[in-house]
file coords_6.pdb (PDB, C-alpha atoms, pLDDT in the B column)
ATOM      1  CA  MET A  16      97.287 133.474 -44.221  1.00 75.00           C
ATOM      2  CA  GLU A  17     101.064 133.917 -44.377  1.00 81.00           C
ATOM      3  CA  PRO A  18     101.463 134.519 -40.619  1.00 84.00           C
ATOM      4  CA  ILE A  19      99.516 131.323 -39.882  1.00 80.00           C
ATOM      5  CA  GLU A  20     101.573 129.326 -42.363  1.00 87.00           C
ATOM      6  CA  GLU A  21     104.771 130.704 -40.825  1.00 85.00           C
ATOM      7  CA  ILE A  22     103.656 129.715 -37.332  1.00 78.00           C
ATOM      8  CA  ILE A  23     102.845 126.203 -38.542  1.00 78.00           C
ATOM      9  CA  GLN A  24     106.283 125.836 -40.147  1.00 85.00           C
ATOM     10  CA  ASN A  25     108.032 127.057 -36.989  1.00 82.00           C
ATOM     11  CA  THR A  26     106.078 124.895 -34.534  1.00 81.00           C
ATOM     12  CA  THR A  27     107.857 121.777 -33.324  1.00 84.00           C
ATOM     13  CA  GLU A  28     106.277 118.508 -32.207  1.00 81.00           C
ATOM     14  CA  GLU A  29     107.759 119.142 -28.764  1.00 84.00           C
ATOM     15  CA  SER A  30     106.111 122.551 -28.399  1.00 81.00           C
ATOM     16  CA  GLN A  31     102.778 121.147 -29.621  1.00 79.00           C
ATOM     17  CA  THR A  32     102.724 118.544 -26.859  1.00 83.00           C
ATOM     18  CA  LYS A  33     103.006 121.300 -24.253  1.00 85.00           C
ATOM     19  CA  VAL A  34      99.795 123.020 -25.393  1.00 84.00           C
ATOM     20  CA  ASP A  35      96.423 122.015 -23.972  1.00 87.00           C
ATOM     21  CA  TRP A  36      94.601 122.455 -27.284  1.00 86.00           C
ATOM     22  CA  THR A  37      91.191 121.714 -25.786  1.00 91.00           C
ATOM     23  CA  LYS A  38      91.645 124.472 -23.227  1.00 91.00           C
ATOM     24  CA  ALA A  39      93.050 126.885 -25.803  1.00 89.00           C
ATOM     25  CA  TRP A  40      90.222 126.391 -28.298  1.00 90.00           C
ATOM     26  CA  SER A  41      87.529 126.284 -25.604  1.00 94.00           C
ATOM     27  CA  THR A  42      87.875 130.039 -25.147  1.00 94.00           C
ATOM     28  CA  LYS A  43      86.412 130.379 -28.645  1.00 95.00           C
ATOM     29  CA  TYR A  44      84.271 127.213 -28.609  1.00 96.00           C
ATOM     30  CA  PRO A  45      82.899 126.624 -25.077  1.00 96.00           C
ATOM     31  CA  VAL A  46      81.514 123.190 -25.980  1.00 97.00           C
ATOM     32  CA  LEU A  47      85.107 121.911 -25.819  1.00 96.00           C
ATOM     33  CA  ALA A  48      85.207 122.678 -22.102  1.00 95.00           C
ATOM     34  CA  ALA A  49      81.897 120.946 -21.406  1.00 96.00           C
ATOM     35  CA  TYR A  50      81.509 117.896 -23.643  1.00 97.00           C
ATOM     36  CA  GLN A  51      83.599 115.559 -21.457  1.00 94.00           C
ATOM     37  CA  LYS A  52      80.800 115.612 -18.870  1.00 96.00           C
ATOM     38  CA  GLU A  53      78.045 114.988 -21.431  1.00 97.00           C
ATOM     39  CA  VAL A  54      79.331 112.750 -24.238  1.00 98.00           C
ATOM     40  CA  ASP A  55      79.851 108.992 -24.101  1.00 97.00           C
ATOM     41  CA  ILE A  56      83.516 109.425 -25.054  1.00 97.00           C
ATOM     42  CA  PRO A  57      84.496 105.720 -24.992  1.00 98.00           C
ATOM     43  CA  ARG A  58      81.791 104.976 -27.590  1.00 98.00           C
ATOM     44  CA  TYR A  59      83.143 107.530 -30.042  1.00 97.00           C
ATOM     45  CA  ALA A  60      86.784 106.852 -29.173  1.00 97.00           C
ATOM     46  CA  ALA A  61      86.370 103.166 -30.047  1.00 98.00           C
ATOM     47  CA  GLU A  62      84.947 104.017 -33.467  1.00 97.00           C
ATOM     48  CA  ILE A  63      87.670 106.577 -34.114  1.00 97.00           C
ATOM     49  CA  ARG A  64      90.333 104.050 -33.089  1.00 98.00           C
ATOM     50  CA  ARG A  65      88.789 101.518 -35.494  1.00 98.00           C
ATOM     51  CA  MET A  66      88.926 104.019 -38.352  1.00 98.00           C
ATOM     52  CA  LEU A  67      92.533 104.935 -37.533  1.00 98.00           C
ATOM     53  CA  THR A  68      93.510 101.260 -37.444  1.00 98.00           C
ATOM     54  CA  ASP A  69      91.742 100.647 -40.761  1.00 98.00           C
ATOM     55  CA  LEU A  70      93.548 103.561 -42.434  1.00 98.00           C
ATOM     56  CA  GLN A  71      96.881 102.233 -41.187  1.00 98.00           C
ATOM     57  CA  ALA A  72      96.154  98.691 -42.395  1.00 98.00           C
ATOM     58  CA  ASP A  73      94.499  99.617 -45.696  1.00 98.00           C
ATOM     59  CA  TYR A  74      96.962 102.293 -46.817  1.00 98.00           C
ATOM     60  CA  GLY A  75     100.112 101.616 -44.798  1.00 98.00           C
ATOM     61  CA  TYR A  76      99.901 104.979 -43.031  1.00 98.00           C
ATOM     62  CA  SER A  77     101.701 105.668 -39.790  1.00 98.00           C
ATOM     63  CA  GLU A  78      99.467 106.381 -36.818  1.00 96.00           C
ATOM     64  CA  GLN A  79     100.114 110.121 -37.168  1.00 95.00           C
ATOM     65  CA  ASP A  80      99.394 110.115 -40.908  1.00 98.00           C
ATOM     66  CA  ALA A  81      96.194 108.137 -40.342  1.00 98.00           C
ATOM     67  CA  MET A  82      95.093 110.688 -37.722  1.00 97.00           C
ATOM     68  CA  LEU A  83      95.843 113.600 -40.057  1.00 97.00           C
ATOM     69  CA  VAL A  84      93.945 111.971 -42.935  1.00 98.00           C
ATOM     70  CA  LEU A  85      90.948 111.179 -40.720  1.00 98.00           C
ATOM     71  CA  LYS A  86      90.967 114.703 -39.301  1.00 96.00           C
ATOM     72  CA  ASP A  87      91.053 116.152 -42.829  1.00 98.00           C
ATOM     73  CA  ILE A  88      88.187 113.916 -43.982  1.00 97.00           C
ATOM     74  CA  LEU A  89      86.151 114.973 -40.936  1.00 96.00           C
ATOM     75  CA  ALA A  90      86.799 118.667 -41.613  1.00 96.00           C
ATOM     76  CA  HIS A  91      85.813 118.337 -45.272  1.00 96.00           C
ATOM     77  CA  GLU A  92      82.706 116.349 -44.395  1.00 96.00           C
ATOM     78  CA  TYR A  93      81.654 119.074 -41.957  1.00 94.00           C
ATOM     79  CA  MET A  94      82.440 121.989 -44.281  1.00 94.00           C
ATOM     80  CA  ASP A  95      80.868 120.383 -47.351  1.00 95.00           C
ATOM     81  CA  ASN A  96      77.602 119.435 -45.618  1.00 94.00           C
ATOM     82  CA  ARG A  97      76.827 122.176 -43.141  1.00 91.00           C
ATOM     83  CA  PRO A  98      73.813 124.373 -43.760  1.00 88.00           C
ATOM     84  CA  ARG A  99      74.731 127.530 -45.628  1.00 82.00           C
ATOM     85  CA  LYS A 100      73.798 130.773 -43.928  1.00 74.00           C
ATOM     86  CA  THR A 101      71.841 133.273 -45.953  1.00 66.00           C
ATOM     87  CA  LYS A 102      72.131 136.980 -45.375  1.00 62.00           C
ATOM     88  CA  LYS A 103      68.840 136.947 -43.432  1.00 61.00           C
ATOM     89  CA  GLN A 104      70.099 134.215 -41.046  1.00 57.00           C
ATOM     90  CA  ARG A 105      73.157 136.183 -39.970  1.00 52.00           C
TER      91      ARG A 105
END
call {"tool": "encode", "arguments": {"input": "coords_6.pdb", "output": "structure tokens"}}
result
Amino acid sequence: MEPIEEIIQNTTEESQTKVDWTKAWSTKYPVLAAYQKEVDIPRYAAEIRRMLTDLQADYGYSEQDAMLVLKDILAHEYMDNRPRKTKKQR
């Protein structure tokens, strides 16, 4: 974990904006390269924008902090509620 933490600490906002994260992660998760043609993005984007706006208004978060909080909640919700694989399922 230390190399990952070091990379995070040494990554600037400017360098992050130069990375196409969807393209980078789609090599591992192909759905990221395909969903734009399948998903009703405006529907989900509107709900996400509403949640971001609510977090900003309710807790006084900046837009970036609201995004980070929402992203963390989403990750925890996924990890805490996904089906657990048993040894036989692997």
call {"tool": "residues_around", "arguments": {"input": "coords_6.pdb", "residues": "segment 88-101 of chain A", "least_positions_apart": "3", "cutoff": "12 Å", "atoms": "all atoms listed in the file", "output": "VMD selection string"}}
result
chain A and resid 63 66 to 67 70 81 to 85 104 to 105
call {"tool": "atom_distance", "arguments": {"input": "coords_6.pdb", "atom1": "atom CA of Thr27 of chain A", "atom2": "atom CA of Gln79 of chain A"}}
result
14.5 Å
call {"tool": "axis_aligned_box", "arguments": {"input": "coords_6.pdb", "around": "segment 57-72 of chain A", "padding_each_side": "4 Å", "output": "AutoDock Vina command-line options"}}
result
--center_x 89.3 --center_y 103.1 --center_z -33.7 --size_x 23.1 --size_y 16.8 --size_z 25.4
call {"tool": "atom_distance", "arguments": {"input": "coords_6.pdb", "atom1": "atom CA of Glu78 of chain A", "atom2": "atom CA of Ala60 of chain A"}}
result
14.8 Å
call {"tool": "atom_distance", "arguments": {"input": "coords_6.pdb", "atom1": "atom CA of Lys38 of chain A", "atom2": "atom CA of Thr68 of chain A"}}
result
27.3 Å
call {"tool": "decode", "arguments": {"input": "coords_6.pdb", "residues": "segment 26-98 of chain A", "atoms": "C-alpha atoms", "output": "PDB file, in the first residue's frame"}}
result
ATOM      1  CA  THR A  26      -0.061  13.593  -7.741  1.00  0.00           C
ATOM      2  CA  THR A  27      -1.101  17.167  -8.447  1.00  0.00           C
ATOM      3  CA  GLU A  28      -4.543  18.408  -9.468  1.00  0.00           C
ATOM      4  CA  GLU A  29      -2.992  19.562 -12.741  1.00  0.00           C
ATOM      5  CA  SER A  30      -1.615  16.123 -13.600  1.00  0.00           C
ATOM      6  CA  GLN A  31      -4.941  14.487 -12.687  1.00  0.00           C
ATOM      7  CA  THR A  32      -6.819  16.624 -15.200  1.00  0.00           C
ATOM      8  CA  LYS A  33      -4.554  15.352 -17.978  1.00  0.00           C
ATOM      9  CA  VAL A  34      -5.511  11.702 -17.399  1.00  0.00           C
ATOM     10  CA  ASP A  35      -8.513  10.165 -19.138  1.00  0.00           C
ATOM     11  CA  TRP A  36      -9.508   8.058 -16.130  1.00  0.00           C
ATOM     12  CA  THR A  37     -12.342   6.326 -17.972  1.00  0.00           C
ATOM     13  CA  LYS A  38      -9.957   5.170 -20.681  1.00  0.00           C
ATOM     14  CA  ALA A  39      -7.293   4.164 -18.167  1.00  0.00           C
ATOM     15  CA  TRP A  40      -9.639   2.086 -16.011  1.00  0.00           C
ATOM     16  CA  SER A  41     -11.493   0.621 -19.001  1.00  0.00           C
ATOM     17  CA  THR A  42      -8.501  -1.603 -19.733  1.00  0.00           C
ATOM     18  CA  LYS A  43      -9.328  -3.411 -16.486  1.00  0.00           C
ATOM     19  CA  TYR A  44     -13.102  -2.807 -16.516  1.00  0.00           C
ATOM     20  CA  PRO A  45     -14.390  -2.868 -20.129  1.00  0.00           C
ATOM     21  CA  VAL A  46     -17.864  -1.677 -19.114  1.00  0.00           C
ATOM     22  CA  LEU A  47     -16.347   1.802 -18.715  1.00  0.00           C
ATOM     23  CA  ALA A  48     -15.634   1.913 -22.442  1.00  0.00           C
ATOM     24  CA  ALA A  49     -19.142   0.802 -23.394  1.00  0.00           C
ATOM     25  CA  TYR A  50     -21.687   2.252 -20.969  1.00  0.00           C
ATOM     26  CA  GLN A  51     -21.921   5.668 -22.669  1.00  0.00           C
ATOM     27  CA  LYS A  52     -23.733   4.002 -25.580  1.00  0.00           C
ATOM     28  CA  GLU A  53     -26.125   2.055 -23.337  1.00  0.00           C
ATOM     29  CA  VAL A  54     -26.947   4.076 -20.211  1.00  0.00           C
ATOM     30  CA  ASP A  55     -29.338   7.015 -19.958  1.00  0.00           C
ATOM     31  CA  ILE A  56     -26.543   9.220 -18.596  1.00  0.00           C
ATOM     32  CA  PRO A  57     -28.582  12.443 -18.216  1.00  0.00           C
ATOM     33  CA  ARG A  58     -31.029  10.608 -15.922  1.00  0.00           C
ATOM     34  CA  TYR A  59     -28.295   9.486 -13.549  1.00  0.00           C
ATOM     35  CA  ALA A  60     -26.288  12.700 -13.896  1.00  0.00           C
ATOM     36  CA  ALA A  61     -29.285  14.766 -12.767  1.00  0.00           C
ATOM     37  CA  GLU A  62     -29.710  12.652  -9.637  1.00  0.00           C
ATOM     38  CA  ILE A  63     -25.997  12.785  -8.877  1.00  0.00           C
ATOM     39  CA  ARG A  64     -26.005  16.568  -9.342  1.00  0.00           C
ATOM     40  CA  ARG A  65     -28.964  16.808  -6.939  1.00  0.00           C
ATOM     41  CA  MET A  66     -27.106  14.786  -4.312  1.00  0.00           C
ATOM     42  CA  LEU A  67     -23.958  16.889  -4.751  1.00  0.00           C
ATOM     43  CA  THR A  68     -25.977  20.094  -4.401  1.00  0.00           C
ATOM     44  CA  ASP A  69     -27.705  18.738  -1.290  1.00  0.00           C
ATOM     45  CA  LEU A  70     -24.381  17.817   0.339  1.00  0.00           C
ATOM     46  CA  GLN A  71     -23.051  21.304  -0.364  1.00  0.00           C
ATOM     47  CA  ALA A  72     -26.164  22.997   1.043  1.00  0.00           C
ATOM     48  CA  ASP A  73     -26.689  20.683   4.020  1.00  0.00           C
ATOM     49  CA  TYR A  74     -23.078  20.479   5.206  1.00  0.00           C
ATOM     50  CA  GLY A  75     -21.380  23.510   3.661  1.00  0.00           C
ATOM     51  CA  TYR A  76     -19.026  21.346   1.599  1.00  0.00           C
ATOM     52  CA  SER A  77     -17.222  22.663  -1.440  1.00  0.00           C
ATOM     53  CA  GLU A  78     -18.157  21.016  -4.717  1.00  0.00           C
ATOM     54  CA  GLN A  79     -14.989  18.898  -4.611  1.00  0.00           C
ATOM     55  CA  ASP A  80     -15.569  17.823  -1.004  1.00  0.00           C
ATOM     56  CA  ALA A  81     -19.183  16.940  -1.792  1.00  0.00           C
ATOM     57  CA  MET A  82     -18.011  14.813  -4.739  1.00  0.00           C
ATOM     58  CA  LEU A  83     -15.423  13.033  -2.588  1.00  0.00           C
ATOM     59  CA  VAL A  84     -17.972  12.336   0.160  1.00  0.00           C
ATOM     60  CA  LEU A  85     -20.545  11.044  -2.335  1.00  0.00           C
ATOM     61  CA  LYS A  86     -17.924   8.885  -4.038  1.00  0.00           C
ATOM     62  CA  ASP A  87     -16.884   7.438  -0.665  1.00  0.00           C
ATOM     63  CA  ILE A  88     -20.500   6.713   0.310  1.00  0.00           C
ATOM     64  CA  LEU A  89     -21.047   4.986  -3.045  1.00  0.00           C
ATOM     65  CA  ALA A  90     -17.919   2.852  -2.613  1.00  0.00           C
ATOM     66  CA  HIS A  91     -18.915   1.816   0.909  1.00  0.00           C
ATOM     67  CA  GLU A  92     -22.467   1.054  -0.174  1.00  0.00           C
ATOM     68  CA  TYR A  93     -21.138  -1.184  -2.950  1.00  0.00           C
ATOM     69  CA  MET A  94     -18.523  -2.938  -0.805  1.00  0.00           C
ATOM     70  CA  ASP A  95     -20.837  -3.444   2.172  1.00  0.00           C
ATOM     71  CA  ASN A  96     -23.718  -4.898   0.133  1.00  0.00           C
ATOM     72  CA  ARG A  97     -22.187  -6.939  -2.648  1.00  0.00           C
ATOM     73  CA  PRO A  98     -22.650 -10.692  -2.601  1.00  0.00           C
TER      74      PRO A  98
END
